[in-house]
Amino acid sequence: MRTVFKTSYDADINMFQHGYQFGWYALLLIIALVLPFYLGSFWLGEMTSLLIWSIACMGLMILVGQTGQASLGHAAFLAIGAYANVLLQQRLGLPFLISFPLAGVIAGICGALIALPMARLHGIYLAIGTLAVTILVDDFIVIAAPLTNGVQGLFAPAIEIFGLTIDRYRTPMHFYYLALAVTLLVVFFYRNLLRSPLGRAFAAIRDSEISAQAMGVNIARTKAISFGISAGITGLGGALLGHYAGIFNNETFNIIISIQLLLAIVIGGLGSIHGAFFGAAVIAMLPQSIAIARDNLNWLSGSRAFSVPGMETAMFGLILVVFMLFEPRGIYGRWLKIRTYFELFPFYRKDMFRRQKSYLKTERMR
Amino acid sequence: MDVLQLLVSGLANGCVYGLIAMGFVLIYKATEGVNFAQGDFMMLGAFICVGLTNPQFMGLPFWVSVPVTIAAMGMFGYALDLVVIRRMFGQSQIALVILTIALGFVLRFIAGAIWGHEPISLASPIAGRDVRFGGLVLGLDEVFVIFVTILLTVVLWLYFNRTKLGVAMQASSQNQLAAYYMGIPVKRVHSLIWALSGMTAAVAGILFASKGSIDPSVGLLGIKAFAAAVIGGFGSLPGALLGGIIIGVIEPFAGRYMPSGYAQIMPYLLLFLILVFRPHGILAQVHAKKV
């Protein structure tokens with residue numbers, strides 16, 4: 001087991017706890033950088049989709065994992081980001097480098113505005129309120145057809161940065177690097193957010209609103225900021241998703257996507273950046289893996305017994321049920337347990353990660 | 001006359017929403033949990049009844065298959081709590097929300113695999129007949145739906161406020177630990193309420209399937225019913241019915257008198273406004289604690 005001796009106050013909030021950790025992440029970055037040279041265009045596209053989903057998951061993770069506010073409405077912010085990005089390019093002729101950050105800002109402002117009246121709600125009511133927002137945005141896109149082109153959808157143009165063309169199909173490698181760059185920026189921002197007073201205020205609200213208030217955290221404002229940042233990052237993910245999908249309409253960002261995003265970060269592991277990536281891997285890879293596994297099983301058994309429609313979502317649901325029952329801390333939580341087991345090798349005890357049981361009380365009595 | 005007919009069909013729709021919403025409220029009232037799969041419970045109940053009644057499946061008489069369906073859904077609810085939900089005891093509400101959303105996916109798949117994805121309607125004796133009140137022609141199914149819903153609301157309300165088990169259910173939600181101290185078997189009470197909620201969902205499903213057709217994705221109606229429960233005041237049985245009726249009545253009128261596209265927004269717009277201005281619903285159940 002490695003013991004980190006803290007010789008300065010900064011050791012608690014340093015970006016990396018020790019040199020080895022830095023080394024591992026540097027290795028991961030190098031692998032991510034050289035990956036396109038070893039992958040075919042299909043798997044490169046899958047990796048790009050993973051990166052884009054992980055941006056969206058990180059956005060939601062800031063709200064759910066760090067601030068502890070459940071949202072079933074993040075597909076709305078994906079949609080706002082995607083539509084804002086493409087409309088700014090088409091209607092105002094802005095270049096991608098300007099429209100992309102602006103899309104994030106617009107989604108963020110929308111998120112903060114929606115959060116203001118909802119800051120009084122908590123728990124289940126917040127989830128319902130955000131659910132209503134998703135459905136409203138979905139229908140609003142159809143109603144505002146002159147602007148958004150309704151159900152026909154919008155066509156995302158190829159991106160031009162300094163004469164470099166970035167297109168999902170013609171130059172998949174460029175698109176991958178674009179997604180990677182945005183992902184790295186978001187991770188950098190997220191990690192620094194956690195080290196800042198604002199990030200600690202988020203954690204305080206998550207752990208106990210009452211004690212956060214007692215420590216001088218302005219609950220309503222901090223929740224609104226958290227909503228704004230979360231929606232902004234999700235909006236960036238949405239803008240990239242729009243370019244990735246090429247053509248999108250209101251159906252691309254329906255209520256199921258909202259639910260899937262929330263489910264993904266729960267499977268990944270709430271409250272960690274790793275969890276966002278694991279969750280994104282589940283969203284991006286699971287349908288393909290199930291399809292491939294099904295084809296193999298069909299081929300092996302020589303029948304079509306495994307081609308049942310709706311299999312993907314059912315498997316997704318089943319995996320989620322298993323996770324909720326047996327590993328509520330998600331994939332990252334399981335990894336932490338395995339790592340701790342080996343770090344402490346003979347001394348790991350079964351109850352080290354046990355949650356404290358609690359008894360619920362009604363929220364209808366105050 | 002036209003307005004009256006719209007009103008009655010809205011009321012009948014609203015009653016189905018209200019019944020699903022009541023399933024939400026039952027579970028919330030007794031366990032503080034929210035069952036997002038309630039719409040899928042309704043769908044499953046409807047499909048079980050279709051499977052028992054319709055000639056292309058088992059072809060039992062309607063009045064035999066209805067009690068069998070209700071009993072089966074009751075047992076399903078009890079078993080689900082026993083096997084799955086009980087393991088989540090003492091965890092946060094959101095964990096249960098996520099679990100039940102996932103269960104909904106699974107139920108939808110199972111129903112699709114057994115009964116197919118084509119819309120089916122229930123071969124029920126109340127479908128397609130008319131009742132005449134003066135010049136007013138109403139579908140027998142609609143009148144029946146309204147009647148059954150009101151009856152069920154009254155029975156459930158009396159049950160919760162007048163019987164020993166009903167009061168025990170309320171107690172186990174108000175404070176689980178104190179309920180244990182009073183000798184209430186909290187976990188078994190939770191299983192019973194899941195059974196009751198499954199039975200309510202079965203009634204909703206049977207009524208819904210005799211009014212129109214069902215397919216596995218009809219469970220998404222649960223979201224609308226959920227909005228109804230919140231509008232009426234989450235935790236109140238009459239509130240759930242009231243919210244359901246409000247949504248059910250608003251929809252046909254908005255569809256008639258407003259530009260297209262707005263009709264489906266209205267329930268959620270109303271939900272949003274209620275959450276902002278009166279977060280605990282019309283018949284709010286939030287009381288100040290007496291010390």
# chains A, B, ... in the order shown; residues from 1 in each chain; ligands from 1
>>> residues_around(residues="Asn14 of chain A", least_positions_apart="4", cutoff="10 Å", atoms="only C-alpha atoms", output="number ranges by chain")
A: 9-10, 18, 191-192, 195
>>> write_last_selection(atoms="N, CA and C atoms", output="JSON list (two decimals), in the first residue's frame")
[["chain", "number", "residue", "atom", "x", "y", "z"],
["A", 9, "TYR", "N", -0.15, 22.09, 2.71],
["A", 9, "TYR", "CA", -1.62, 22.13, 2.69],
["A", 9, "TYR", "C", -2.14, 21.84, 1.28],
["A", 10, "ASP", "N", -1.34, 22.16, 0.26],
["A", 10, "ASP", "CA", -1.76, 21.94, -1.11],
["A", 10, "ASP", "C", -1.97, 20.46, -1.41],
["A", 18, "HIS", "N", -0.16, 11.72, -6.38],
["A", 18, "HIS", "CA", 1.26, 11.40, -6.36],
["A", 18, "HIS", "C", 1.74, 11.17, -7.79],
["A", 191, "ARG", "N", -12.08, 18.91, -13.04],
["A", 191, "ARG", "CA", -11.14, 18.59, -11.96],
["A", 191, "ARG", "C", -10.81, 19.85, -11.16],
["A", 192, "ASN", "N", -10.64, 20.98, -11.87],
["A", 192, "ASN", "CA", -10.32, 22.21, -11.16],
["A", 192, "ASN", "C", -11.52, 22.73, -10.38],
["A", 195, "ARG", "N", -11.62, 21.31, -7.07],
["A", 195, "ARG", "CA", -10.59, 21.82, -6.14],
["A", 195, "ARG", "C", -10.93, 23.20, -5.63]]
>>> interface_residues(of="chain B", to="chain A", cutoff="6 Å", atoms="only C-alpha atoms", output="PyMOL selection string")
chain B and resi 90+99+102+105-106+109+173-176+268+276+286-289
>>> write_last_selection(atoms="C-alpha atoms", output="PDB file, in the first residue's frame")
ATOM      1  CA  GLY B  90     -33.232   2.373   3.495  1.00  0.00           C
ATOM      2  CA  LEU B  99     -34.367   0.998 -10.353  1.00  0.00           C
ATOM      3  CA  ALA B 102     -34.963   0.090 -15.426  1.00  0.00           C
ATOM      4  CA  PHE B 105     -37.629  -1.277 -19.663  1.00  0.00           C
ATOM      5  CA  VAL B 106     -37.532  -4.954 -18.734  1.00  0.00           C
ATOM      6  CA  PHE B 109     -39.553  -6.098 -23.343  1.00  0.00           C
ATOM      7  CA  SER B 173     -44.057   6.086   5.790  1.00  0.00           C
ATOM      8  CA  GLN B 174     -44.144   8.927   8.296  1.00  0.00           C
ATOM      9  CA  ASN B 175     -41.323   7.482  10.320  1.00  0.00           C
ATOM     10  CA  GLN B 176     -40.015   3.999   9.594  1.00  0.00           C
ATOM     11  CA  TYR B 268     -46.588  19.332 -18.814  1.00  0.00           C
ATOM     12  CA  VAL B 276     -43.188  26.622  -9.662  1.00  0.00           C
ATOM     13  CA  VAL B 286     -47.492  18.927   3.566  1.00  0.00           C
ATOM     14  CA  HIS B 287     -48.350  19.660   7.153  1.00  0.00           C
ATOM     15  CA  ALA B 288     -46.499  21.557   9.790  1.00  0.00           C
ATOM     16  CA  LYS B 289     -45.330  19.241  12.518  1.00  0.00           C
TER      17      LYS B 289
END
>>> residues_around(residues="segment 191-195 of chain B", least_positions_apart="6", cutoff="12 Å", atoms="only C-alpha atoms", output="MDAnalysis selection string")
chainID B and resid 22:35 37:38 41 70:87 89 156 159:160 165:166 168:170 172:173 185 201:202
>>> closest_residue(among="B:Leu136, B:Met42, B:Leu283, B:Leu7", to="Ser217 of chain B", atoms="only C-alpha atoms")
B:Met42
>>> select_by_dssp(residues="segment 124-192 of chain A", states="helix (DSSP H, G or I)", output="tab-separated table (two decimals) with C-alpha atoms, in the first residue's frame")
chain	number	residue	atom	x	y	z
A	124	ILE	CA	-38.25	13.63	-6.41
A	125	TYR	CA	-39.98	16.91	-7.28
A	126	LEU	CA	-36.86	18.20	-8.99
A	127	ALA	CA	-36.67	15.02	-11.05
A	128	ILE	CA	-40.29	15.54	-12.13
A	129	GLY	CA	-39.78	19.21	-12.94
A	130	THR	CA	-36.80	18.47	-15.14
A	131	LEU	CA	-38.73	15.63	-16.78
A	132	ALA	CA	-41.40	18.17	-17.72
A	133	VAL	CA	-38.68	20.42	-19.17
A	134	THR	CA	-37.45	17.67	-21.50
A	135	ILE	CA	-40.92	16.99	-22.83
A	136	LEU	CA	-41.64	20.71	-23.23
A	137	VAL	CA	-38.40	21.29	-25.17
A	138	ASP	CA	-39.13	18.27	-27.38
A	139	ASP	CA	-42.57	19.66	-28.26
A	140	PHE	CA	-41.33	23.23	-28.53
A	141	ILE	CA	-38.88	22.20	-31.25
A	142	VAL	CA	-41.83	20.92	-33.28
A	143	ILE	CA	-43.91	24.05	-32.66
A	145	ALA	CA	-40.71	24.83	-36.93
A	146	PRO	CA	-39.80	28.07	-38.83
A	147	LEU	CA	-36.68	28.33	-36.70
A	148	THR	CA	-35.86	24.70	-35.99
A	150	GLY	CA	-39.54	20.91	-36.92
A	151	VAL	CA	-39.61	17.16	-37.44
A	152	GLN	CA	-37.63	17.43	-40.70
A	172	PRO	CA	-13.16	10.72	-38.99
A	173	MET	CA	-9.69	11.14	-37.51
A	174	HIS	CA	-10.03	14.91	-37.33
A	175	PHE	CA	-13.42	14.55	-35.70
A	176	TYR	CA	-11.95	12.17	-33.12
A	177	TYR	CA	-9.22	14.66	-32.21
A	178	LEU	CA	-11.77	17.46	-31.94
A	179	ALA	CA	-13.87	15.38	-29.54
A	180	LEU	CA	-10.74	14.40	-27.61
A	181	ALA	CA	-9.65	18.03	-27.27
A	182	VAL	CA	-13.06	19.11	-25.98
A	183	THR	CA	-13.16	16.15	-23.60
A	184	LEU	CA	-9.74	17.03	-22.20
A	185	LEU	CA	-10.77	20.67	-21.70
A	186	VAL	CA	-13.93	19.59	-19.89
A	187	VAL	CA	-12.03	17.12	-17.69
A	188	PHE	CA	-9.52	19.84	-16.84
A	189	PHE	CA	-12.34	22.25	-15.97
A	190	TYR	CA	-14.22	19.62	-13.95
A	191	ARG	CA	-11.14	18.59	-11.96
A	192	ASN	CA	-10.32	22.21	-11.16
>>> closest_residue(among="A:Gly199, A:Gly23, A:Gly237, A:Gly111", to="Asn85 of chain A", atoms="only C-alpha atoms")
A:Gly237
>>> residues_around(residues="segment 77-80 of chain A", least_positions_apart="5", cutoff="9 Å", atoms="only C-alpha atoms", output="PDB file with N, CA and C atoms, in the first residue's frame")
ATOM      1  N   ALA A  56     -21.219  14.689 -22.243  1.00  0.00           N
ATOM      2  CA  ALA A  56     -22.585  14.862 -21.742  1.00  0.00           C
ATOM      3  C   ALA A  56     -22.719  14.273 -20.343  1.00  0.00           C
ATOM      4  N   ASN A  85     -25.881  25.588 -31.698  1.00  0.00           N
ATOM      5  CA  ASN A  85     -24.646  25.517 -32.470  1.00  0.00           C
ATOM      6  C   ASN A  85     -24.931  25.593 -33.966  1.00  0.00           C
ATOM      7  N   ALA A 103     -22.844  28.006 -27.961  1.00  0.00           N
ATOM      8  CA  ALA A 103     -23.894  27.009 -27.738  1.00  0.00           C
ATOM      9  C   ALA A 103     -23.867  26.538 -26.294  1.00  0.00           C
ATOM     10  N   GLY A 104     -22.638  26.298 -25.783  1.00  0.00           N
ATOM     11  CA  GLY A 104     -22.510  25.905 -24.382  1.00  0.00           C
ATOM     12  C   GLY A 104     -23.039  26.975 -23.451  1.00  0.00           C
ATOM     13  N   ILE A 106     -25.244  29.337 -24.118  1.00  0.00           N
ATOM     14  CA  ILE A 106     -26.708  29.437 -24.207  1.00  0.00           C
ATOM     15  C   ILE A 106     -27.369  28.321 -23.408  1.00  0.00           C
ATOM     16  N   ALA A 107     -26.871  27.086 -23.579  1.00  0.00           N
ATOM     17  CA  ALA A 107     -27.449  25.968 -22.817  1.00  0.00           C
ATOM     18  C   ALA A 107     -27.292  26.210 -21.326  1.00  0.00           C
ATOM     19  N   GLY A 108     -26.117  26.748 -20.933  1.00  0.00           N
ATOM     20  CA  GLY A 108     -25.873  27.011 -19.522  1.00  0.00           C
ATOM     21  C   GLY A 108     -26.836  28.036 -18.956  1.00  0.00           C
ATOM     22  N   CYS A 110     -29.798  28.787 -20.144  1.00  0.00           N
ATOM     23  CA  CYS A 110     -31.123  28.150 -20.058  1.00  0.00           C
ATOM     24  C   CYS A 110     -31.208  27.299 -18.795  1.00  0.00           C
ATOM     25  N   GLY A 111     -30.151  26.527 -18.535  1.00  0.00           N
ATOM     26  CA  GLY A 111     -30.156  25.673 -17.349  1.00  0.00           C
ATOM     27  C   GLY A 111     -30.306  26.474 -16.077  1.00  0.00           C
ATOM     28  N   THR A 134     -37.836  18.430 -20.298  1.00  0.00           N
ATOM     29  CA  THR A 134     -37.453  17.666 -21.498  1.00  0.00           C
ATOM     30  C   THR A 134     -38.600  17.559 -22.469  1.00  0.00           C
ATOM     31  N   VAL A 137     -39.367  20.898 -24.139  1.00  0.00           N
ATOM     32  CA  VAL A 137     -38.397  21.288 -25.171  1.00  0.00           C
ATOM     33  C   VAL A 137     -38.619  20.465 -26.434  1.00  0.00           C
ATOM     34  N   ASP A 138     -38.865  19.160 -26.248  1.00  0.00           N
ATOM     35  CA  ASP A 138     -39.132  18.273 -27.380  1.00  0.00           C
ATOM     36  C   ASP A 138     -40.295  18.818 -28.212  1.00  0.00           C
ATOM     37  N   ALA A 231     -25.604  22.206 -17.321  1.00  0.00           N
ATOM     38  CA  ALA A 231     -26.313  22.335 -18.592  1.00  0.00           C
ATOM     39  C   ALA A 231     -25.364  22.815 -19.679  1.00  0.00           C
ATOM     40  N   GLY A 232     -24.433  23.711 -19.322  1.00  0.00           N
ATOM     41  CA  GLY A 232     -23.491  24.229 -20.302  1.00  0.00           C
ATOM     42  C   GLY A 232     -22.627  23.135 -20.881  1.00  0.00           C
ATOM     43  N   ILE A 233     -22.071  22.282 -19.989  1.00  0.00           N
ATOM     44  CA  ILE A 233     -21.203  21.207 -20.477  1.00  0.00           C
ATOM     45  C   ILE A 233     -22.006  20.223 -21.309  1.00  0.00           C
ATOM     46  N   THR A 234     -23.225  19.909 -20.823  1.00  0.00           N
ATOM     47  CA  THR A 234     -24.073  19.007 -21.597  1.00  0.00           C
ATOM     48  C   THR A 234     -24.382  19.617 -22.957  1.00  0.00           C
ATOM     49  N   GLY A 235     -24.567  20.967 -22.981  1.00  0.00           N
ATOM     50  CA  GLY A 235     -24.831  21.645 -24.245  1.00  0.00           C
ATOM     51  C   GLY A 235     -23.667  21.483 -25.210  1.00  0.00           C
ATOM     52  N   LEU A 236     -22.430  21.573 -24.700  1.00  0.00           N
ATOM     53  CA  LEU A 236     -21.256  21.348 -25.553  1.00  0.00           C
ATOM     54  C   LEU A 236     -21.299  19.939 -26.135  1.00  0.00           C
ATOM     55  N   GLY A 237     -21.627  18.966 -25.246  1.00  0.00           N
ATOM     56  CA  GLY A 237     -21.754  17.595 -25.723  1.00  0.00           C
ATOM     57  C   GLY A 237     -22.809  17.496 -26.808  1.00  0.00           C
ATOM     58  N   GLY A 238     -23.928  18.221 -26.602  1.00  0.00           N
ATOM     59  CA  GLY A 238     -25.013  18.195 -27.576  1.00  0.00           C
ATOM     60  C   GLY A 238     -24.580  18.765 -28.911  1.00  0.00           C
ATOM     61  N   ALA A 239     -23.791  19.868 -28.864  1.00  0.00           N
ATOM     62  CA  ALA A 239     -23.332  20.482 -30.109  1.00  0.00           C
ATOM     63  C   ALA A 239     -22.486  19.496 -30.906  1.00  0.00           C
ATOM     64  N   LEU A 241     -22.619  16.269 -30.583  1.00  0.00           N
ATOM     65  CA  LEU A 241     -23.494  15.168 -30.973  1.00  0.00           C
ATOM     66  C   LEU A 241     -24.243  15.520 -32.246  1.00  0.00           C
ATOM     67  N   GLY A 242     -24.639  16.798 -32.367  1.00  0.00           N
ATOM     68  CA  GLY A 242     -25.323  17.243 -33.574  1.00  0.00           C
ATOM     69  C   GLY A 242     -24.445  17.033 -34.796  1.00  0.00           C
ATOM     70  N   ASN A 249     -33.288  15.815 -35.304  1.00  0.00           N
ATOM     71  CA  ASN A 249     -34.547  16.524 -35.065  1.00  0.00           C
ATOM     72  C   ASN A 249     -34.947  16.353 -33.603  1.00  0.00           C
ATOM     73  N   ASN A 250     -36.192  16.665 -33.289  1.00  0.00           N
ATOM     74  CA  ASN A 250     -36.598  16.606 -31.876  1.00  0.00           C
ATOM     75  C   ASN A 250     -36.505  15.191 -31.315  1.00  0.00           C
ATOM     76  N   THR A 252     -34.229  13.048 -31.779  1.00  0.00           N
ATOM     77  CA  THR A 252     -32.861  12.681 -31.403  1.00  0.00           C
ATOM     78  C   THR A 252     -32.632  12.907 -29.909  1.00  0.00           C
ATOM     79  N   PHE A 253     -33.376  13.861 -29.346  1.00  0.00           N
ATOM     80  CA  PHE A 253     -33.141  14.211 -27.941  1.00  0.00           C
ATOM     81  C   PHE A 253     -34.422  14.000 -27.150  1.00  0.00           C
ATOM     82  N   ASN A 254     -34.978  12.792 -27.191  1.00  0.00           N
ATOM     83  CA  ASN A 254     -36.252  12.606 -26.495  1.00  0.00           C
ATOM     84  C   ASN A 254     -36.027  12.202 -25.039  1.00  0.00           C
TER      85      ASN A 254
END
>>> atom_distance(atom1="atom CA of Leu140 of chain B", atom2="atom CA of Ile126 of chain B")
6.0 Å
>>> residues_around(residues="Thr53 of chain B", least_positions_apart="4", cutoff="7 Å", atoms="only C-alpha atoms", output="list in words")
Cys49, Met58, Gly59, Leu60, Pro61, Phe62, Ser65 and Ala123 of chain B
>>> atom_distance(atom1="atom CA of Ala228 of chain B", atom2="atom CA of Gly244 of chain B")
4.7 Å
>>> select_by_dssp(residues="segment 94-342 of chain A", states="strand (DSSP E)", output="list in words")
Leu154, Phe155, Ile159, Glu160, Ile161, Leu164, Thr165, Ile166, Ile247 and Phe248 of chain A
>>> write_last_selection(atoms="N, CA and C atoms", output="JSON list (two decimals), in the first residue's frame")
[["chain", "number", "residue", "atom", "x", "y", "z"],
["A", 154, "LEU", "N", -32.54, 19.38, -38.60],
["A", 154, "LEU", "CA", -31.51, 20.28, -39.11],
["A", 154, "LEU", "C", -30.34, 19.44, -39.63],
["A", 155, "PHE", "N", -29.66, 20.01, -40.59],
["A", 155, "PHE", "CA", -28.49, 19.35, -41.15],
["A", 155, "PHE", "C", -27.25, 20.07, -40.64],
["A", 159, "ILE", "N", -17.40, 21.00, -40.24],
["A", 159, "ILE", "CA", -16.74, 22.04, -39.46],
["A", 159, "ILE", "C", -15.47, 22.48, -40.18],
["A", 160, "GLU", "N", -15.24, 23.79, -40.20],
["A", 160, "GLU", "CA", -13.99, 24.32, -40.78],
["A", 160, "GLU", "C", -13.24, 25.06, -39.68],
["A", 161, "ILE", "N", -12.05, 24.59, -39.32],
["A", 161, "ILE", "CA", -11.23, 25.35, -38.38],
["A", 161, "ILE", "C", -9.91, 25.66, -39.06],
["A", 164, "LEU", "N", -9.04, 23.68, -41.96],
["A", 164, "LEU", "CA", -9.03, 22.23, -41.76],
["A", 164, "LEU", "C", -10.48, 21.74, -41.75],
["A", 165, "THR", "N", -10.79, 20.79, -42.59],
["A", 165, "THR", "CA", -12.18, 20.30, -42.63],
["A", 165, "THR", "C", -12.34, 19.14, -41.66],
["A", 166, "ILE", "N", -13.38, 19.26, -40.81],
["A", 166, "ILE", "CA", -13.65, 18.20, -39.85],
["A", 166, "ILE", "C", -15.04, 17.66, -40.15],
["A", 247, "ILE", "N", -27.52, 14.74, -39.07],
["A", 247, "ILE", "CA", -28.85, 15.33, -39.17],
["A", 247, "ILE", "C", -29.63, 14.93, -37.92],
["A", 248, "PHE", "N", -30.33, 15.90, -37.35],
["A", 248, "PHE", "CA", -31.02, 15.59, -36.09],
["A", 248, "PHE", "C", -32.33, 16.36, -36.03]]
>>> residues_around(residues="segment 331-345 of chain A", least_positions_apart="2", cutoff="12 Å", atoms="only C-alpha atoms", output="PyMOL selection string")
chain A and resi 1-3+264-282+319-320+322-324+326-329+347-354
>>> residues_around(residues="Gly139 of chain B", least_positions_apart="6", cutoff="12 Å", atoms="only C-alpha atoms", output="NGL selection string")
:B and (5-6 or 8-9 or 12 or 126-133 or 145-146 or 210-212)
